[in-house]
Amino acid sequence: MISNQDGLPTEQPRQKSMNHVRLSVNSNSALFLLFLMLAFAVYGGILGHEFIFNWDDKAYVTGNEAVRGFTLAHLKSAFSSFYVGNYAPLHIISYMLDYTFWGMDPHGYLLANVLIHAINAFLAFRLFLLLDGRLLVALTAAVLFLVHPVQVESVAWVSERKTLLAMLFFLLALHAYSLYCSEVQRKRRRWYLLSLLSFCAALLSKAVVVIFPLLIISFDWYCGGLERIRKGFADKIPFLILSAGLTAVTLFSQRSGKMLVSYVDGNPLNNAMTMMPVFARYLGMLFWPTRLAPIYSPPVKTSVDLEVLLSLLLVGAVLILSYYLFSRRRLAGFAIALFLLGLLPIAHIFPLPTLMQDRYLYFPLLGFSLLIATITADTAETFAGKRRLNWGIACLLILALPLAITAQRQTRVWRNALTLWTHTAQSVPQSNQALLMLAITRHDQQDLAGAEEAYLRVLSISPRDLKGLNGLGVLYGERGMLDKSLRYLRQAVEVAPGDTDVLVNFGYAAFLKGDLEECRDSFQRAIGIKPPLLAMLMPTLLEIASRQNDQVEVVRLKALARETGGAL
C-alpha cells in the first residue's frame with residue numbers, strides 16, 4: 001500500500017503477482033479437494049431431492065425427449081430448438097450425459113450440479129489468486145462465492161445447470177485470456193484461441209455471459225490502465241461479434257417463447273424505476289440473505305415514490321464508492337466492475353418476465369466476494385499491519401460459517417415441489433404465482449382440500465386469475481361438486497374464451513352435469529380453434545348424439561372419424 005496526494009491509502013497494482021504466483025500440483029489438488037468437501041458439506045443434502053415437476057424441470061429434462069441419450073437426432077434438436085425461451089444447446093447436451101449414466105434418477109443430475117459448482121469455486125480461487133497474489137484473500141473470496149445462500153437456487157435446481165455451465169466456461173475463458181496477456185509471443189495465440197472457444201461454450205450454455213468482452217476490457221485496465229486498453233482493443237472484436245450474435249439469437253428465442261415482455265406501460269423509465277428497489281434488495285440479500293425464494297413480487301413502479309428515491313440514493317452511493325475504488329484501489333475497482341457487469345444482463349434493459357431471482361446473483365457474487373475479501377485485507381494491512389492480515393481474513397472465514405449453515409438449511413426447501421411452494425407461499429404471501437404453484441402441486445398430489453384452500457387464496461388476490469378459476473373448477477368436478485365446477489369454469493371461459501383447455505374442461509363438466517347441448521357447444525368451439533382435439537373429444541360427442549337419438553349426427557361423426565384417420 002502507498003498513499004496518494006490526499007493521504008488516502010492506494011493500492012499498488014499487482015501485475016507481478018499475475019506472472020509469478022504458482023502453486024504445486026499437490027497444493028492445487030489439496031485445495032480442490034477442500035472446495036469439493038465444502039461443497040458437499042453445504043449442498044450434499046440435495047442428492048436425495050426430486051425433480052421440480054412443475055417448475056421447468058419437465059420442459060428441460062423429464063418431458064424432453066432430446067435429453068434421452070446421445071443420438072444424432074437429439075444433438076440436432078439441442079442445437080436447433082429453443083427450450084423455455086432459451087437457446088442453450090450445451091445445457092441440453094449436459095443432460096444427455098446425465099441420462100447416459102443415471103436415466104431419469106434426479107440424484108445424478110444434482111450430483112453433477114454440486115460438482116460443477118465446486119469446480120467453479122476452485123476456478124474462482126485460481127482467478128482471485130492470479131489477480132491479487134495473496135493466498136488467504138483468494139481463498140476467502142472463493143469460499144464466500146461457494147457457500148453464499150443465494151447460490152442454492154442455482155445448485156439445488158436441476159434446471160439451473162445452464163448458469164453453472166456458463167460460469168464454468170466463463171472462468172476458463174478468463175483464465176485463458178489472462179495467460180494470453182502474460183505469456184511470451186509464441187504461446188499467446190493458443191491461449192487466445194482457447195479463450196475464444198471457451199467463451200463460445202459459455203454463450204452456448206447461457207446468454208448471461210455476453211458481458212465477457214466488457215470484462216476483459218476491465219481486465220486490461222486492471223493490468224495496464226488505459227494504454228493497455230487502447231493497444232489491445234482489436235483483440236476484443238471477435239468476442240464482441242460473438243456477443244452480438246448470441247444477443248440477437250437470445251432476443252429471437254425469448255420473443256418466440258413469449259418470454260420477452262414489453263416495458264411497463266410501454267415506458268423504459270418505468271422499468272428503471274421498478275428496478276431501483278430490486279437492486280437495493282439485491283444488496284440487502286448479499287449482506288443479509290434471509291427469506292430467499294424462487295419467486296418474488298417486487299412492486300411495479302410508474303412514478304417516483306419514497307422507496308424509489310431511497311433506492312436511487314443507495315445505488316448512487318454504490319456508484320460513488322465504485323468511482324472511489326476505481327481511482328484509488330485498482331483490484332477493488334476490478335471487483336466492482338465484475339459485480340456491476342454481472343448485474344447488467346438482468347437489469348431489464350430488455351424486459352424479462354421475472355424482475356428478481358436468486359439465480360441472477362450467481363455471476364455478480366463473483367465480484368462481490370472478491371471485493372469483500374480485498375477491502376478487508378487492504379484495510380487490515382493499512383491500519384493494523386500485515387501481521388494482523390491473517391486475523392482479519394480468519395474472521396471473514398469464520399463469518400462465512402453462518403452463511404454456509406444458512407445455505408445448507410435453504411437446500412431443504414428444494415427437496416420437492418411441495419416443500420418448495422409451501423416455503424415460497426409462506427415467504428412471499430402476496431405472490432399470486434407462488435400460491436398458484438402451491439395449489440397445482442397439492443392438486444397433483446391429490447391433496448384436494450389443501451389445493452382448494454390455495455386456489456381460493458389465489459382468487460381472493462386476483463378474482464379473474466385464469467389458472468385459478470380453471471384449476472378450482474376442475475378440482476370441484478373431481479370431487480363431484482358439479483354446480484361449483486361449472487360456476488368457476490364458466491368464469492374461466494369468460495376470462496379466456498379462446499383457451500381450448502378451459503373450453504374442454506367446461507365441456508366435460510357440463511357433460512357430467514347432463515347439460516349435453518352446452519357440452520357439445522363448448523367442444524365444437526374448442527375444435528374450431530384447435531382441430532386436432534377432435535380425436536380426443538370424438539367419443540364424448542358420439543355419446544351425446546346417441547343419447548339424443550340423433551342418428552344423422554352419429555353417421556356424420558363416424559364419417560368424420562374415418563376421414564381423420566380412424567379416431568374412434
# chains A, B, ... in the order shown; residues from 1 in each chain; ligands from 1
call {"tool": "select_by_dssp", "arguments": {"residues": "stretch 207-456 of chain A", "states": "helix (DSSP H, G or I)", "output": "PyMOL selection string"}}
result
chain A and resi 207-256+264-266+268-287+306-328+330-346+358-361+364-384+386-413+417-427+432-444+448-456
call {"tool": "residues_around", "arguments": {"residues": "A:Thr100", "least_positions_apart": "3", "cutoff": "9 Å", "atoms": "only C-alpha atoms", "output": "PyMOL selection string"}}
result
chain A and resi 68-70+95-97+103
call {"tool": "write_last_selection", "arguments": {"atoms": "C-alpha atoms", "output": "tab-separated table (two decimals), in the first residue's frame"}}
result
chain	number	residue	atom	x	y	z
A	68	ARG	CA	-32.62	-39.20	-23.55
A	69	GLY	CA	-29.15	-40.20	-24.68
A	70	PHE	CA	-26.65	-39.14	-27.34
A	95	TYR	CA	-28.48	-33.64	-19.57
A	96	MET	CA	-27.81	-36.21	-22.27
A	97	LEU	CA	-24.65	-37.13	-20.38
A	103	GLY	CA	-31.51	-42.38	-16.64
call {"tool": "residues_around", "arguments": {"residues": "stretch 149-156 of chain A", "least_positions_apart": "4", "cutoff": "6 Å", "atoms": "only C-alpha atoms", "output": "JSON, numbers by chain"}}
result
{"A": [113, 160, 358, 359, 407]}
call {"tool": "closest_atom_pairs", "arguments": {"of": "stretch 368-414 of chain A", "to": "stretch 309-327 of chain A", "cutoff": "12 Å", "atoms": "only C-alpha atoms", "output": "JSON lines"}}
result
{"residue": "A:Phe368", "atom": "CA", "partner": "A:Ser322", "partner_atom": "CA", "distance": 12.0}
{"residue": "A:Leu371", "atom": "CA", "partner": "A:Leu325", "partner_atom": "CA", "distance": 10.0}
{"residue": "A:Thr374", "atom": "CA", "partner": "A:Leu325", "partner_atom": "CA", "distance": 11.2}
{"residue": "A:Ile375", "atom": "CA", "partner": "A:Leu325", "partner_atom": "CA", "distance": 9.7}
{"residue": "A:Asp378", "atom": "CA", "partner": "A:Leu325", "partner_atom": "CA", "distance": 11.8}
call {"tool": "closest_residue", "arguments": {"among": "A:His148, A:Arg255, A:Lys484, A:Lys530", "to": "A:Val504", "atoms": "only C-alpha atoms"}}
result
A:Lys530
call {"tool": "residues_around", "arguments": {"residues": "A:Phe279", "least_positions_apart": "2", "cutoff": "10 Å", "atoms": "only C-alpha atoms", "output": "count of residues only"}}
result
16
call {"tool": "residues_around", "arguments": {"residues": "stretch 409-417 of chain A", "least_positions_apart": "4", "cutoff": "8 Å", "atoms": "only C-alpha atoms", "output": "list in words"}}
result
Tyr43, Gly45, Ile46, Gly48, His49, Glu50, Phe51, Ile52, Phe53, Asn54, Pro149, Val152, Ala156, Trp157, Leu292, Ile405, Trp421, His423 and Thr441 of chain A
call {"tool": "closest_atom_pairs", "arguments": {"of": "stretch 514-536 of chain A", "to": "stretch 542-551 of chain A", "cutoff": "12 Å", "atoms": "only C-alpha atoms", "output": "Markdown table"}}
result
| residue | atom | partner | partner_atom | distance |
| --- | --- | --- | --- | --- |
| A:Gly514 | CA | A:Ile544 | CA | 9.7 |
| A:Asp515 | CA | A:Ile544 | CA | 9.8 |
| A:Leu516 | CA | A:Ile544 | CA | 6.3 |
| A:Glu517 | CA | A:Ile544 | CA | 8.3 |
| A:Glu518 | CA | A:Ile544 | CA | 10.7 |
| A:Cys519 | CA | A:Ile544 | CA | 8.6 |
| A:Arg520 | CA | A:Ile544 | CA | 7.6 |
| A:Asp521 | CA | A:Ile544 | CA | 11.2 |
| A:Phe523 | CA | A:Ile544 | CA | 11.3 |
| A:Leu534 | CA | A:Leu542 | CA | 11.3 |
| A:Ala535 | CA | A:Leu542 | CA | 11.4 |
| A:Met536 | CA | A:Leu542 | CA | 11.5 |
call {"tool": "atom_distance", "arguments": {"atom1": "atom CA of A:Ile398", "atom2": "atom CA of A:Ala380"}}
result
16.1 Å
call {"tool": "atom_distance", "arguments": {"atom1": "atom CA of A:Ala454", "atom2": "atom CA of A:Ala439"}}
result
4.9 Å
call {"tool": "atom_distance", "arguments": {"atom1": "atom CA of A:Phe125", "atom2": "atom CA of A:Leu139"}}
result
5.9 Å
call {"tool": "residues_around", "arguments": {"residues": "stretch 428-431 of chain A", "least_positions_apart": "5", "cutoff": "9 Å", "atoms": "only C-alpha atoms", "output": "list in words"}}
result
Arg291, Ala293, Ile295, Tyr296, Ser297, His423, Leu436, Val458 and Ile461 of chain A
call {"tool": "residues_around", "arguments": {"residues": "A:Ser256", "least_positions_apart": "4", "cutoff": "10 Å", "atoms": "only C-alpha atoms", "output": "number ranges by chain"}}
result
A: 82, 84-86, 250-252, 260
call {"tool": "write_last_selection", "arguments": {"atoms": "N, CA and C atoms", "output": "short mmCIF file (atom, residue, chain, number, x, y, z; two decimals), in the first residue's frame"}}
result
data_model
loop_
_atom_site.label_atom_id
_atom_site.label_comp_id
_atom_site.auth_asym_id
_atom_site.auth_seq_id
_atom_site.Cartn_x
_atom_site.Cartn_y
_atom_site.Cartn_z
N PHE A 82 -35.36 -24.10 -29.19
CA PHE A 82 -35.37 -23.24 -28.02
C PHE A 82 -36.12 -23.97 -26.90
N VAL A 84 -37.82 -23.32 -23.14
CA VAL A 84 -38.28 -22.31 -22.18
C VAL A 84 -37.78 -20.93 -22.61
N GLY A 85 -37.81 -20.68 -23.92
CA GLY A 85 -37.41 -19.38 -24.44
C GLY A 85 -35.91 -19.14 -24.46
N ASN A 86 -35.10 -20.20 -24.25
CA ASN A 86 -33.65 -20.03 -24.21
C ASN A 86 -32.98 -20.85 -25.30
N THR A 250 -30.72 -14.75 -28.74
CA THR A 250 -31.46 -14.79 -27.47
C THR A 250 -32.74 -13.97 -27.54
N LEU A 251 -32.65 -12.79 -28.11
CA LEU A 251 -33.84 -11.95 -28.25
C LEU A 251 -34.89 -12.65 -29.10
N PHE A 252 -34.43 -13.32 -30.15
CA PHE A 252 -35.36 -14.05 -31.01
C PHE A 252 -35.99 -15.21 -30.26
N LEU A 260 -40.11 -12.59 -23.73
CA LEU A 260 -39.70 -11.19 -23.80
C LEU A 260 -40.96 -10.34 -23.72
#
call {"tool": "closest_residue", "arguments": {"among": "A:Val249, A:Ile116, A:Ile92, A:Val147", "to": "A:Leu365", "atoms": "only C-alpha atoms"}}
result
A:Val147
call {"tool": "closest_residue", "arguments": {"among": "A:Phe339, A:Trp191, A:Phe334, A:Phe101", "to": "A:Ile217", "atoms": "only C-alpha atoms"}}
result
A:Phe334
call {"tool": "closest_residue", "arguments": {"among": "A:Ser243, A:Thr302, A:Gln491, A:Thr290", "to": "A:Asp265", "atoms": "only C-alpha atoms"}}
result
A:Thr302
call {"tool": "closest_residue", "arguments": {"among": "A:His74, A:Trp221, A:Leu130, A:Leu33", "to": "A:Leu115", "atoms": "only C-alpha atoms"}}
result
A:Leu33
call {"tool": "closest_residue", "arguments": {"among": "A:Asp499, A:Glu65, A:Asp465, A:Asp132", "to": "A:Tyr99", "atoms": "only C-alpha atoms"}}
result
A:Glu65
